[in-house]
file coords_35.txt (compact mmCIF, C-alpha atoms and all ligand atoms)
# COMPACT_ATOMS: atom_id res chain seq x y z
CA MET A 1 -6.12 32.71 0.87
CA ARG A 2 -6.42 32.32 -2.88
CA THR A 3 -4.77 29.63 -4.99
CA GLY A 4 -1.58 31.70 -5.31
CA GLY A 5 -1.08 32.09 -1.55
CA ARG A 6 -1.72 28.41 -0.96
CA LEU A 7 0.71 27.47 -3.73
CA ALA A 8 3.39 29.76 -2.27
CA ALA A 9 2.87 28.22 1.18
CA ALA A 10 3.10 24.68 -0.24
CA ILE A 11 6.37 25.57 -2.00
CA GLU A 12 7.74 26.94 1.30
CA VAL A 13 6.83 23.71 3.11
CA LEU A 14 8.30 21.51 0.34
CA GLU A 15 11.54 23.54 0.52
CA ASP A 16 11.65 22.98 4.28
CA ILE A 17 11.13 19.21 3.85
CA ASP A 18 13.89 19.14 1.25
CA ARG A 19 16.40 21.31 3.06
CA ARG A 20 16.04 19.81 6.52
CA TYR A 21 15.02 16.22 5.64
CA ARG A 22 11.88 16.71 7.70
CA PRO A 23 8.78 14.52 7.81
CA ALA A 24 5.97 16.23 5.87
CA ALA A 25 3.56 16.25 8.82
CA GLU A 26 6.12 18.05 11.00
CA ALA A 27 6.94 20.67 8.37
CA LEU A 28 3.23 21.36 7.82
CA ARG A 29 2.58 21.64 11.55
CA ASP A 30 5.41 24.16 11.95
CA TRP A 31 4.18 26.20 9.00
CA GLY A 32 0.73 26.32 10.65
CA LEU A 33 2.22 27.48 13.97
CA SER A 34 4.11 30.33 12.36
CA HIS A 35 1.16 31.38 10.15
CA ARG A 36 -1.71 31.46 12.60
CA PHE A 37 -3.79 33.70 10.32
CA ALA A 38 -4.31 30.76 7.93
CA GLY A 39 -7.72 29.17 8.39
CA SER A 40 -8.44 25.46 8.52
CA LYS A 41 -9.53 25.34 4.86
CA ASP A 42 -6.27 26.96 3.80
CA ARG A 43 -4.23 24.52 5.89
CA ALA A 44 -6.11 21.59 4.38
CA ALA A 45 -5.54 22.90 0.85
CA ILE A 46 -1.83 23.52 1.48
CA GLY A 47 -1.50 20.03 3.01
CA ASN A 48 -3.14 18.51 -0.05
CA ILE A 49 -0.75 20.25 -2.45
CA VAL A 50 2.26 19.15 -0.35
CA TYR A 51 1.13 15.52 -0.05
CA ASP A 52 0.09 15.33 -3.72
CA ALA A 53 3.47 16.76 -4.72
CA LEU A 54 5.27 14.11 -2.64
CA ARG A 55 3.07 11.26 -3.86
CA ARG A 56 3.42 12.31 -7.50
CA LYS A 57 6.95 13.68 -7.30
CA ARG A 58 8.32 12.20 -10.51
CA SER A 59 5.25 12.90 -12.61
CA ALA A 60 4.90 16.43 -11.22
CA ALA A 61 8.57 17.11 -12.02
CA TRP A 62 8.12 15.64 -15.49
CA MET A 63 5.13 17.88 -16.21
CA LEU A 64 7.15 21.05 -15.42
CA GLY A 65 10.49 19.79 -16.72
CA GLU A 66 12.41 20.23 -13.45
CA GLU A 67 12.47 18.87 -9.90
CA THR A 68 12.38 21.98 -7.70
CA PRO A 69 9.81 22.36 -4.89
CA ARG A 70 8.14 25.00 -7.06
CA ALA A 71 7.84 22.60 -10.01
CA LEU A 72 6.47 19.87 -7.74
CA ALA A 73 3.77 22.14 -6.30
CA PHE A 74 2.67 23.45 -9.71
CA GLY A 75 2.86 19.90 -11.14
CA ALA A 76 0.74 18.52 -8.30
CA LEU A 77 -2.02 21.03 -9.01
CA ALA A 78 -1.82 20.28 -12.73
CA ILE A 79 -2.15 16.53 -12.13
CA GLU A 80 -4.63 16.41 -9.25
CA ALA A 81 -6.70 19.55 -9.88
CA GLY A 82 -6.45 19.74 -13.68
CA PHE A 83 -4.77 23.17 -13.80
CA THR A 84 -3.42 24.18 -17.22
CA ALA A 85 -0.96 26.91 -18.18
CA GLN A 86 -3.93 29.16 -18.90
CA THR A 87 -5.82 28.48 -15.64
CA PHE A 88 -2.60 29.00 -13.66
CA ASP A 89 -2.15 32.39 -15.33
CA GLU A 90 -5.77 33.34 -14.56
CA ALA A 91 -5.61 32.12 -10.94
CA LEU A 92 -2.32 33.85 -10.11
CA ALA A 93 -3.01 37.18 -11.88
CA GLY A 94 -3.20 40.07 -9.39
CA ASP A 95 -2.56 37.84 -6.35
CA THR A 96 0.21 39.55 -4.38
CA PHE A 97 0.82 36.42 -2.27
CA ALA A 98 1.28 34.16 -5.32
CA PRO A 99 4.67 32.83 -6.43
CA PRO A 100 6.00 34.23 -9.73
CA GLY A 101 3.84 33.13 -12.66
CA LEU A 102 4.89 30.41 -15.08
CA SER A 103 8.01 31.12 -17.11
CA ALA A 104 7.95 30.65 -20.87
CA GLN A 105 9.85 27.40 -20.38
CA GLU A 106 7.42 26.09 -17.75
CA THR A 107 4.44 27.08 -19.89
CA ALA A 108 5.90 25.22 -22.86
CA ALA A 109 6.54 22.13 -20.72
CA LEU A 110 3.00 22.15 -19.31
CA LYS A 111 1.50 22.56 -22.76
CA THR A 112 3.45 19.72 -24.37
CA HIS A 113 4.00 17.10 -21.65
CA ARG A 114 1.30 14.44 -21.51
CA LEU A 115 1.53 12.11 -18.53
CA GLU A 116 0.27 9.13 -20.50
CA GLN A 117 3.35 9.51 -22.74
CA ALA A 118 5.81 9.66 -19.84
CA PRO A 119 8.31 6.81 -19.24
CA ASP A 120 7.11 3.90 -17.05
CA GLY A 121 9.15 4.95 -14.00
CA VAL A 122 7.64 8.45 -14.10
CA ARG A 123 4.06 7.17 -14.30
CA ALA A 124 4.92 4.73 -11.50
CA ASP A 125 6.05 7.66 -9.32
CA CYS A 126 8.58 5.55 -7.45
CA PRO A 127 12.34 5.88 -6.83
CA GLU A 128 14.32 4.56 -9.80
CA TRP A 129 15.95 1.79 -7.78
CA CYS A 130 12.50 0.43 -6.85
CA GLU A 131 11.38 -0.01 -10.45
CA PRO A 132 12.80 -3.55 -10.97
CA ILE A 133 11.70 -4.50 -7.45
CA LEU A 134 8.10 -3.47 -8.16
CA GLU A 135 8.18 -5.14 -11.56
CA ARG A 136 9.33 -8.36 -9.93
CA ALA A 137 6.58 -8.15 -7.28
CA CYS A 138 3.68 -7.10 -9.51
CA GLY A 139 4.62 -8.39 -12.98
CA ALA A 140 3.06 -6.77 -16.04
CA ASP A 141 0.80 -4.54 -13.90
CA TRP A 142 3.68 -2.93 -12.03
CA VAL A 143 3.28 0.62 -13.35
CA ASP A 144 -0.44 0.69 -12.53
CA GLU A 145 0.21 -0.91 -9.12
CA ALA A 146 2.88 1.68 -8.30
CA ALA A 147 0.71 4.54 -9.61
CA ALA A 148 -2.11 3.38 -7.33
CA LEU A 149 0.37 3.62 -4.42
CA ALA A 150 0.77 7.30 -5.39
CA ALA A 151 -2.94 8.13 -5.21
CA ARG A 152 -4.78 9.78 -2.32
CA PRO A 153 -5.85 7.22 0.31
CA PRO A 154 -9.26 6.73 1.92
CA LEU A 155 -9.76 6.88 5.68
CA ASP A 156 -10.74 3.45 7.01
CA LEU A 157 -12.22 2.58 10.38
CA ARG A 158 -12.70 -0.77 12.13
CA VAL A 159 -15.83 -1.08 14.21
CA ASN A 160 -14.99 -2.47 17.63
CA THR A 161 -17.53 -5.28 17.96
CA LEU A 162 -16.78 -5.50 21.69
CA LYS A 163 -18.70 -2.24 22.02
CA ALA A 164 -20.80 -1.50 18.94
CA ALA A 165 -22.30 -2.89 15.74
CA ARG A 166 -21.39 -1.44 12.36
CA ASP A 167 -24.77 0.24 11.72
CA LYS A 168 -24.61 1.95 15.11
CA VAL A 169 -21.24 3.50 14.19
CA VAL A 170 -22.55 4.50 10.74
CA ARG A 171 -25.41 6.34 12.47
CA ALA A 172 -23.03 7.99 14.94
CA LEU A 173 -20.84 9.22 12.05
CA ASP A 174 -23.70 10.12 9.73
CA LYS A 175 -22.16 13.41 8.60
CA SER A 176 -18.80 11.86 7.75
CA GLY A 177 -19.82 9.89 4.65
CA ALA A 178 -18.62 6.59 6.17
CA GLY A 179 -19.97 3.47 4.48
CA PRO A 180 -19.17 -0.27 4.61
CA CYS A 181 -15.80 -1.41 3.24
CA ALA A 182 -15.82 -3.77 0.26
CA LEU A 183 -14.15 -6.69 2.07
CA ALA A 184 -13.54 -6.23 5.79
CA PRO A 185 -16.79 -7.25 7.49
CA VAL A 186 -16.61 -4.63 10.23
CA GLY A 187 -14.75 -1.99 8.22
CA LEU A 188 -16.04 1.46 7.33
CA ARG A 189 -14.60 3.70 4.68
CA ILE A 190 -14.59 7.45 4.18
CA GLY A 191 -13.47 7.97 0.58
CA ALA A 192 -10.24 9.68 -0.50
CA ILE A 193 -10.18 13.47 -0.17
CA GLU A 194 -11.61 15.23 -3.18
CA GLY A 195 -10.42 18.62 -4.36
CA GLN A 196 -8.98 20.77 -1.57
CA GLY A 197 -11.08 19.28 1.25
CA ARG A 198 -9.95 17.12 4.15
CA HIS A 199 -11.05 14.04 6.05
CA PRO A 200 -13.24 14.62 9.11
CA ASN A 201 -11.47 14.45 12.45
CA VAL A 202 -13.19 11.21 13.50
CA GLN A 203 -11.04 10.89 16.62
CA ALA A 204 -12.80 13.94 18.07
CA GLU A 205 -16.16 12.14 17.87
CA PRO A 206 -17.78 10.88 21.09
CA ALA A 207 -18.15 7.46 19.37
CA PHE A 208 -14.35 7.25 19.12
CA GLN A 209 -13.85 8.33 22.74
CA LYS A 210 -16.29 5.59 23.76
CA GLY A 211 -14.21 2.98 21.91
CA TRP A 212 -16.78 2.11 19.26
CA PHE A 213 -14.21 2.19 16.45
CA GLU A 214 -10.51 2.43 15.65
CA VAL A 215 -8.77 4.04 12.69
CA GLN A 216 -7.32 1.10 10.75
CA ASP A 217 -6.71 0.55 7.05
CA GLU A 218 -8.95 -2.12 5.54
CA GLY A 219 -5.85 -4.10 4.50
CA SER A 220 -4.70 -4.26 8.12
CA GLN A 221 -8.17 -5.50 9.12
CA ILE A 222 -8.07 -8.17 6.39
CA VAL A 223 -4.68 -9.57 7.43
CA ALA A 224 -5.77 -9.60 11.09
CA GLN A 225 -8.82 -11.63 10.02
CA LEU A 226 -6.72 -14.02 7.88
CA ALA A 227 -4.51 -14.73 10.91
CA GLY A 228 -7.52 -16.61 12.26
CA ALA A 229 -7.63 -15.61 15.94
CA ALA A 230 -10.74 -17.25 17.45
CA PRO A 231 -12.42 -17.25 20.87
CA GLY A 232 -10.48 -19.04 23.58
CA MET A 233 -7.12 -19.10 21.76
CA GLN A 234 -3.68 -18.39 23.20
CA VAL A 235 -2.12 -15.77 20.92
CA LEU A 236 1.24 -14.02 20.80
CA ASP A 237 1.37 -10.75 18.84
CA PHE A 238 5.15 -10.64 18.54
CA CYS A 239 5.51 -7.16 16.98
CA ALA A 240 2.51 -5.51 18.58
CA GLY A 241 3.56 -1.86 18.16
CA ALA A 242 0.68 0.44 19.09
CA GLY A 243 -1.63 -2.58 18.99
CA GLY A 244 -3.66 -2.27 15.77
CA LYS A 245 -3.71 -6.06 15.18
CA SER A 246 -3.98 -6.98 18.88
CA LEU A 247 -7.12 -4.88 19.22
CA ALA A 248 -8.66 -6.43 16.10
CA MET A 249 -7.84 -9.96 17.31
CA SER A 250 -9.17 -9.22 20.79
CA ALA A 251 -12.56 -8.36 19.26
CA ALA A 252 -12.46 -11.43 16.97
CA MET A 253 -11.78 -13.53 20.12
CA GLU A 254 -14.77 -11.88 21.84
CA ASN A 255 -12.57 -10.90 24.79
CA THR A 256 -11.84 -14.56 25.63
CA GLY A 257 -8.58 -16.55 25.62
CA GLN A 258 -5.38 -14.52 25.90
CA ILE A 259 -3.28 -12.28 23.73
CA CYS A 260 0.25 -11.44 24.75
CA ALA A 261 1.11 -8.19 22.94
CA PHE A 262 4.90 -7.97 22.80
CA ASP A 263 7.12 -5.35 21.22
CA ALA A 264 10.88 -4.99 21.66
CA ASP A 265 10.48 -1.20 21.75
CA LYS A 266 8.57 0.07 24.76
CA GLN A 267 8.02 3.50 23.18
CA ARG A 268 6.26 1.90 20.23
CA LEU A 269 4.14 -0.19 22.58
CA ALA A 270 3.21 2.72 24.87
CA PRO A 271 -0.02 3.86 23.11
CA ILE A 272 -1.48 0.35 23.41
CA PHE A 273 -2.44 0.78 27.08
CA ASP A 274 -4.89 3.67 26.48
CA ARG A 275 -6.20 2.01 23.34
CA LEU A 276 -6.94 -1.26 25.16
CA LYS A 277 -8.75 0.62 27.90
CA ARG A 278 -10.85 2.65 25.51
CA ALA A 279 -11.72 -0.43 23.40
CA GLY A 280 -12.66 -2.50 26.45
CA CYS A 281 -10.18 -5.30 25.62
CA ARG A 282 -9.71 -7.50 28.69
CA ASN A 283 -7.86 -10.42 27.09
CA VAL A 284 -4.64 -8.58 26.14
CA GLN A 285 -1.49 -8.28 28.26
CA ALA A 286 1.09 -5.94 26.79
CA THR A 287 4.81 -6.25 27.54
CA ALA A 288 8.15 -5.06 26.23
CA GLY A 289 10.12 -7.48 28.41
CA GLU A 290 11.32 -10.63 26.65
CA GLY A 291 11.45 -12.39 30.01
CA ALA A 292 7.65 -12.45 30.11
CA LEU A 293 7.65 -14.65 27.01
CA GLU A 294 9.73 -17.53 28.39
CA ALA A 295 6.74 -19.48 29.68
CA LEU A 296 5.01 -19.24 26.31
CA GLU A 297 7.51 -21.27 24.26
CA GLY A 298 5.83 -24.02 22.23
CA ARG A 299 2.41 -23.18 23.67
CA MET A 300 0.76 -20.62 21.40
CA ASP A 301 -2.15 -21.47 19.11
CA LEU A 302 -1.26 -18.45 16.99
CA VAL A 303 1.85 -16.30 16.74
CA LEU A 304 1.45 -13.16 14.64
CA VAL A 305 4.59 -11.52 13.28
CA ASP A 306 3.62 -8.08 11.95
CA ALA A 307 7.22 -7.47 11.00
CA PRO A 308 9.11 -4.17 10.77
CA CYS A 309 9.35 -3.42 7.05
CA THR A 310 9.99 -0.67 4.51
CA GLY A 311 6.30 0.28 4.61
CA SER A 312 6.21 0.43 0.80
CA GLY A 313 2.54 -0.61 0.98
CA THR A 314 1.71 2.60 2.86
CA TRP A 315 3.28 5.07 0.44
CA ARG A 316 -0.13 6.68 -0.17
CA ARG A 317 -0.19 7.79 3.47
CA ARG A 318 3.54 8.44 3.98
CA PRO A 319 4.80 9.63 0.60
CA ASP A 320 7.89 11.32 2.04
CA ALA A 321 9.08 7.90 3.29
CA LYS A 322 8.99 6.66 -0.31
CA TRP A 323 11.77 9.00 -1.39
CA ARG A 324 13.84 8.55 1.77
CA LEU A 325 13.92 4.76 1.53
CA SER A 326 17.28 3.29 0.50
CA GLU A 327 18.47 -0.09 -0.73
CA LYS A 328 20.51 -0.37 2.45
CA GLN A 329 17.37 0.03 4.58
CA LEU A 330 15.62 -2.65 2.54
CA GLU A 331 18.54 -5.00 3.27
CA GLN A 332 18.41 -4.15 6.99
CA ARG A 333 14.66 -4.85 7.15
CA GLN A 334 15.18 -8.25 5.48
CA ALA A 335 17.79 -9.24 8.06
CA GLU A 336 15.47 -8.16 10.90
CA GLN A 337 12.55 -10.04 9.39
CA ALA A 338 14.58 -13.26 9.14
CA GLU A 339 15.72 -12.94 12.76
CA ILE A 340 12.24 -12.14 14.10
CA LEU A 341 10.56 -14.98 12.19
CA GLU A 342 13.08 -17.44 13.57
CA LYS A 343 12.66 -16.11 17.14
CA ALA A 344 8.86 -15.91 17.05
CA SER A 345 8.39 -19.36 15.50
CA ARG A 346 9.60 -21.01 18.72
CA PHE A 347 6.41 -19.97 20.51
CA VAL A 348 4.05 -21.85 18.19
CA ARG A 349 2.67 -25.12 19.61
CA PRO A 350 2.66 -28.23 17.41
CA GLY A 351 -0.39 -27.85 15.15
CA GLY A 352 -0.47 -24.10 15.85
CA ARG A 353 -0.10 -21.28 13.31
CA LEU A 354 2.64 -18.78 12.54
CA ALA A 355 1.22 -15.78 10.64
CA TYR A 356 3.66 -13.43 8.91
CA VAL A 357 2.53 -9.94 7.85
CA THR A 358 4.19 -6.90 6.34
CA CYS A 359 2.82 -3.62 4.99
CA SER A 360 5.25 -3.89 2.08
CA VAL A 361 4.67 -4.82 -1.55
CA PHE A 362 8.27 -5.99 -2.11
CA ALA A 363 8.77 -9.75 -2.65
CA GLU A 364 12.16 -9.37 -0.92
CA GLU A 365 10.32 -8.74 2.37
CA ASN A 366 7.43 -11.08 1.68
CA ALA A 367 7.47 -14.41 -0.19
CA ASP A 368 11.31 -14.42 -0.23
CA ARG A 369 11.42 -14.26 3.57
CA VAL A 370 8.85 -17.04 3.94
CA ARG A 371 10.68 -19.22 1.43
CA ALA A 372 14.00 -18.65 3.21
CA PHE A 373 12.38 -19.43 6.58
CA LEU A 374 10.90 -22.67 5.26
CA GLU A 375 14.25 -23.69 3.78
CA ALA A 376 16.11 -22.96 7.02
CA SER A 377 13.66 -24.37 9.56
CA SER A 378 11.95 -27.64 8.94
CA GLY A 379 8.80 -28.27 10.92
CA PHE A 380 6.45 -25.70 9.32
CA THR A 381 4.09 -26.18 6.37
CA PRO A 382 2.35 -23.35 4.50
CA VAL A 383 -1.44 -23.37 4.59
CA ASP A 384 -3.29 -23.37 1.25
CA HIS A 385 -3.59 -19.59 0.84
CA ALA A 386 -6.06 -19.79 -2.05
CA ALA A 387 -8.41 -21.86 0.13
CA LEU A 388 -7.85 -19.52 3.09
CA TRP A 389 -8.81 -16.49 1.00
CA GLN A 390 -11.81 -18.29 -0.48
CA ARG A 391 -13.07 -19.24 3.01
CA ASN A 392 -12.77 -15.67 4.26
CA PHE A 393 -13.79 -13.71 1.15
CA PRO A 394 -15.74 -16.12 -1.06
CA GLU A 395 -17.08 -13.49 -3.46
CA LYS A 396 -13.79 -11.64 -3.90
CA ALA A 397 -11.55 -13.97 -5.89
CA GLY A 398 -9.64 -11.37 -7.94
CA PHE A 399 -9.06 -8.94 -5.10
CA ALA A 400 -5.65 -10.25 -4.04
CA ARG A 401 -2.53 -11.67 -5.65
CA ILE A 402 -2.37 -15.19 -4.23
CA ASP A 403 0.44 -17.74 -4.37
CA PRO A 404 -1.22 -20.80 -2.79
CA ALA A 405 2.02 -21.93 -1.13
CA LEU A 406 3.62 -18.59 -0.39
CA GLY A 407 1.01 -16.04 0.63
CA ILE A 408 -1.48 -13.34 -0.20
CA ALA A 409 -0.62 -9.82 -1.39
CA LEU A 410 -3.07 -6.92 -1.10
CA SER A 411 -2.60 -3.64 -2.92
CA PRO A 412 -4.39 -0.35 -3.62
CA LEU A 413 -4.95 -1.41 -7.25
CA ARG A 414 -6.31 -4.90 -6.58
CA THR A 415 -7.83 -4.68 -3.14
CA GLY A 416 -8.42 -0.96 -2.70
CA THR A 417 -6.36 -1.08 0.51
CA ASP A 418 -2.82 -0.27 1.54
CA GLY A 419 -0.29 -2.83 0.30
CA PHE A 420 -0.08 -5.78 2.71
CA TYR A 421 1.35 -9.28 2.61
CA PHE A 422 0.11 -12.26 4.60
CA ALA A 423 1.40 -15.82 4.92
CA ALA A 424 0.39 -18.54 7.37
CA LEU A 425 2.44 -21.61 8.26
CA THR A 426 1.32 -24.51 10.42
CA ARG A 427 3.76 -26.13 12.85
CA ASP A 428 3.99 -29.88 12.17
C1 LIG B 501 4.75 -3.01 11.59
S1 LIG B 501 5.10 -2.49 13.19
C2 LIG B 501 3.82 -3.20 14.13
C3 LIG B 501 2.47 -2.60 13.93
C4 LIG B 501 1.40 -3.15 14.86
N1 LIG B 501 1.36 -4.60 14.85
C5 LIG B 501 0.01 -2.63 14.53
O1 LIG B 501 -0.79 -3.34 13.94
O2 LIG B 501 -0.25 -1.47 14.90
C6 LIG B 501 6.49 -3.47 13.61
C7 LIG B 501 6.89 -3.44 15.05
O3 LIG B 501 7.94 -4.38 15.24
C8 LIG B 501 8.69 -3.96 16.35
N2 LIG B 501 9.97 -4.70 16.37
C9 LIG B 501 11.11 -4.44 15.69
N3 LIG B 501 12.05 -5.36 15.98
C10 LIG B 501 11.49 -6.22 16.86
C11 LIG B 501 11.96 -7.39 17.53
N4 LIG B 501 13.20 -7.84 17.34
N5 LIG B 501 11.12 -8.03 18.35
C12 LIG B 501 9.85 -7.56 18.53
N6 LIG B 501 9.36 -6.46 17.95
C13 LIG B 501 10.17 -5.80 17.11
C14 LIG B 501 8.82 -2.47 16.14
O4 LIG B 501 9.12 -1.82 17.36
C15 LIG B 501 7.45 -2.12 15.58
O5 LIG B 501 6.61 -1.63 16.57
call {"tool": "encode", "arguments": {"input": "coords_35.txt", "output": "structure tokens"}}
result
Amino acid sequence: MRTGGRLAAAIEVLEDIDRRYRPAAEALRDWGLSHRFAGSKDRAAIGNIVYDALRRKRSAAWMLGEETPRALAFGALAIEAGFTAQTFDEALAGDTFAPPGLSAQETAALKTHRLEQAPDGVRADCPEWCEPILERACGADWVDEAAALAARPPLDLRVNTLKAARDKVVRALDKSGAGPCALAPVGLRIGAIEGQGRHPNVQAEPAFQKGWFEVQDEGSQIVAQLAGAAPGMQVLDFCAGAGGKSLAMSAAMENTGQICAFDADKQRLAPIFDRLKRAGCRNVQATAGEGALEALEGRMDLVLVDAPCTGSGTWRRRPDAKWRLSEKQLEQRQAEQAEILEKASRFVRPGGRLAYVTCSVFAEENADRVRAFLEASSGFTPVDHAALWQRNFPEKAGFARIDPALGIALSPLRTGTDGFYFAALTRD
């Protein structure tokens, strides 16, 4: 397929997402099933245009002067691949599979609109209602922070030290371009996709099947490290989901002590069993039954609350979720977070630690929740987060936004990771 055919396919997929409120991955998969002639390079290129268009929706629309799927696809190529009105005309000429060429109006828009002159909210590429929320969370940097959340993400791996050392995994993945992460000590990074390429399918590698590494964003690895799980501890992972943090803590604990991996939703928890087996974790018991927790009250050295959240920190990876998010959902998540924090805190022993994590960049889900929890429940004291960061990442002072009393915020702009928030409180 030439550029025109790929562009037409991307427009078709964006229309499907729009019309049927479908997740992007699902719409792309269906397109692939009904167009089996398309090769893997074409699929990758179409996927890139679709994801770029969703990440950069407002700026792509601004470049073309309208917000149709067609404008978004053309705008995405203009922004991410540097296409101009002239190179579009050249690329689409004589291609029978191409969408109609640029209209006079579109050409004029492309020739005159400069992204650097666009309004803040456009350059931030976020829903309008999120603008004040992001400004509150990130201050003067908010447009750059939000724009970094609209960039292509890298693919990060965590080496499973229960089974392999980092250099062994680097050797096993030598063709993938994986190299050490900047902060996470056992993290590996494969850079963001360039051009119309794609990330290697690392999960098909024998090293993955043998449990030598997991796919995990560096930010997720950093917050798991900050939680401070150590050998011999009794740990409760209260929102364990598919087990990303449990697996990381199990390795940090060198397969000693005990982790109870709990999730209220057994479907969400289900993948953890295969993952634990593959990773060789023997100190994790997973359960979706609250009854199993009764005996743990007041006895845990560490309780990790990786709370359900809006996921605003992961917009690079799930850009369609960015536009579907509503203020009502943000309110619902806050109520859940308050309830879960209160519930989970009961399991911490005196002198033990409650660690609160979200993959959101919104203060409403982060420092606000911790402040409200501290006001409502006496008996917990925040750790000194500046000292905690310094102990863990001594050379990386400017890499996170730190409020010593209220937590640590990671972001694509500052940390080069997904957006994460971490706070730790000690039980008196
Ligand atoms: C951010 S995800 C967890 C991700 C996981 N820790 C990881 O690292 O892969 C949040 C999880 O909280 C769970 N959850 C939601 N409400 C809950 C509740 N009341 N009690 C326990 N878990 C809950 C959800 O099912 C979801 O799996």
call {"tool": "residues_around", "arguments": {"input": "coords_35.txt", "residues": "Asp217 in chain A", "least_positions_apart": "6", "cutoff": "9 Å", "atoms": "all atoms listed in the file", "output": "VMD selection string"}}
result
chain A and resid 154 to 158 187 189 417 to 418
call {"tool": "closest_residue", "arguments": {"input": "coords_35.txt", "among": "A:Ala104, A:Ala192, A:Ala151, A:Leu110", "to": "Thr84 in chain A", "atoms": "all atoms listed in the file"}}
result
A:Leu110
call {"tool": "residues_around", "arguments": {"input": "coords_35.txt", "residues": "Gly211 in chain A", "least_positions_apart": "6", "cutoff": "7 Å", "atoms": "only C-alpha atoms", "output": "count of residues only"}}
result
4
call {"tool": "residues_near_ligand", "arguments": {"input": "coords_35.txt", "ligand": "ligand LIG 501 (chain B)", "cutoff": "9 Å", "atoms": "only C-alpha atoms and all ligand atoms", "output": "number ranges by chain"}}
result
A: 216, 220, 224, 237-248, 261-269, 272, 288, 290, 304-309, 311, 336-337, 339-340, 343-344, 357-359
call {"tool": "residues_around", "arguments": {"input": "coords_35.txt", "residues": "Gln225 in chain A", "least_positions_apart": "5", "cutoff": "10 Å", "atoms": "all atoms listed in the file", "output": "list in words"}}
result
Ala184, Pro185, Gly219, Ser220, Ala230, Lys245, Ala248, Met249, Ala252 and Asn392 of chain A
call {"tool": "atom_distance", "arguments": {"input": "coords_35.txt", "atom1": "CA of Ala363 in chain A", "atom2": "CA of Tyr51 in chain A"}}
result
26.5 Å
call {"tool": "residues_around", "arguments": {"input": "coords_35.txt", "residues": "Leu173 in chain A", "least_positions_apart": "5", "cutoff": "9 Å", "atoms": "all atoms listed in the file", "output": "tab-separated table (two decimals) with C-alpha atoms, in the frame of the given file"}}
result
chain	number	residue	atom	x	y	z
A	168	LYS	CA	-24.61	1.95	15.11
A	178	ALA	CA	-18.62	6.59	6.17
A	202	VAL	CA	-13.19	11.21	13.50
A	205	GLU	CA	-16.16	12.14	17.87
A	207	ALA	CA	-18.15	7.46	19.37
call {"tool": "closest_residue", "arguments": {"input": "coords_35.txt", "among": "A:Arg353, A:Arg22, A:Lys277, A:Lys111", "to": "Leu236 in chain A", "atoms": "all atoms listed in the file"}}
result
A:Arg353
call {"tool": "residues_around", "arguments": {"input": "coords_35.txt", "residues": "Thr68 in chain A", "least_positions_apart": "3", "cutoff": "12 Å", "atoms": "all atoms listed in the file", "output": "PyMOL selection string"}}
result
chain A and resi 11-12+14-15+17-19+53-54+57-58+60-65+71-75+106
call {"tool": "build_atoms", "arguments": {"input": "coords_35.txt", "residues": "range 288-298 of chain A", "atoms": "N, CA and C atoms", "output": "short mmCIF file (atom, residue, chain, number, x, y, z; two decimals), in the frame of the given file"}}
result
data_model
loop_
_atom_site.label_atom_id
_atom_site.label_comp_id
_atom_site.auth_asym_id
_atom_site.auth_seq_id
_atom_site.Cartn_x
_atom_site.Cartn_y
_atom_site.Cartn_z
N ALA A 288 6.96 -5.28 27.05
CA ALA A 288 8.15 -5.06 26.23
C ALA A 288 9.32 -5.89 26.78
N GLY A 289 9.05 -6.69 27.79
CA GLY A 289 10.12 -7.48 28.41
C GLY A 289 10.13 -8.90 27.85
N GLU A 290 11.26 -9.29 27.24
CA GLU A 290 11.32 -10.63 26.65
C GLU A 290 11.16 -11.73 27.69
N GLY A 291 11.54 -11.40 28.93
CA GLY A 291 11.45 -12.39 30.01
C GLY A 291 10.03 -12.94 30.16
N ALA A 292 9.05 -12.05 29.94
CA ALA A 292 7.65 -12.45 30.11
C ALA A 292 7.23 -13.52 29.11
N LEU A 293 8.04 -13.71 28.07
CA LEU A 293 7.65 -14.65 27.01
C LEU A 293 8.12 -16.08 27.28
N GLU A 294 9.09 -16.21 28.21
CA GLU A 294 9.73 -17.53 28.39
C GLU A 294 8.73 -18.67 28.55
N ALA A 295 7.70 -18.42 29.38
CA ALA A 295 6.74 -19.48 29.68
C ALA A 295 5.86 -19.84 28.49
N LEU A 296 5.93 -19.03 27.43
CA LEU A 296 5.01 -19.24 26.31
C LEU A 296 5.58 -20.14 25.22
N GLU A 297 6.87 -20.50 25.33
CA GLU A 297 7.51 -21.27 24.26
C GLU A 297 6.77 -22.57 23.95
N GLY A 298 6.48 -22.78 22.67
CA GLY A 298 5.83 -24.02 22.23
C GLY A 298 4.39 -24.15 22.65
#
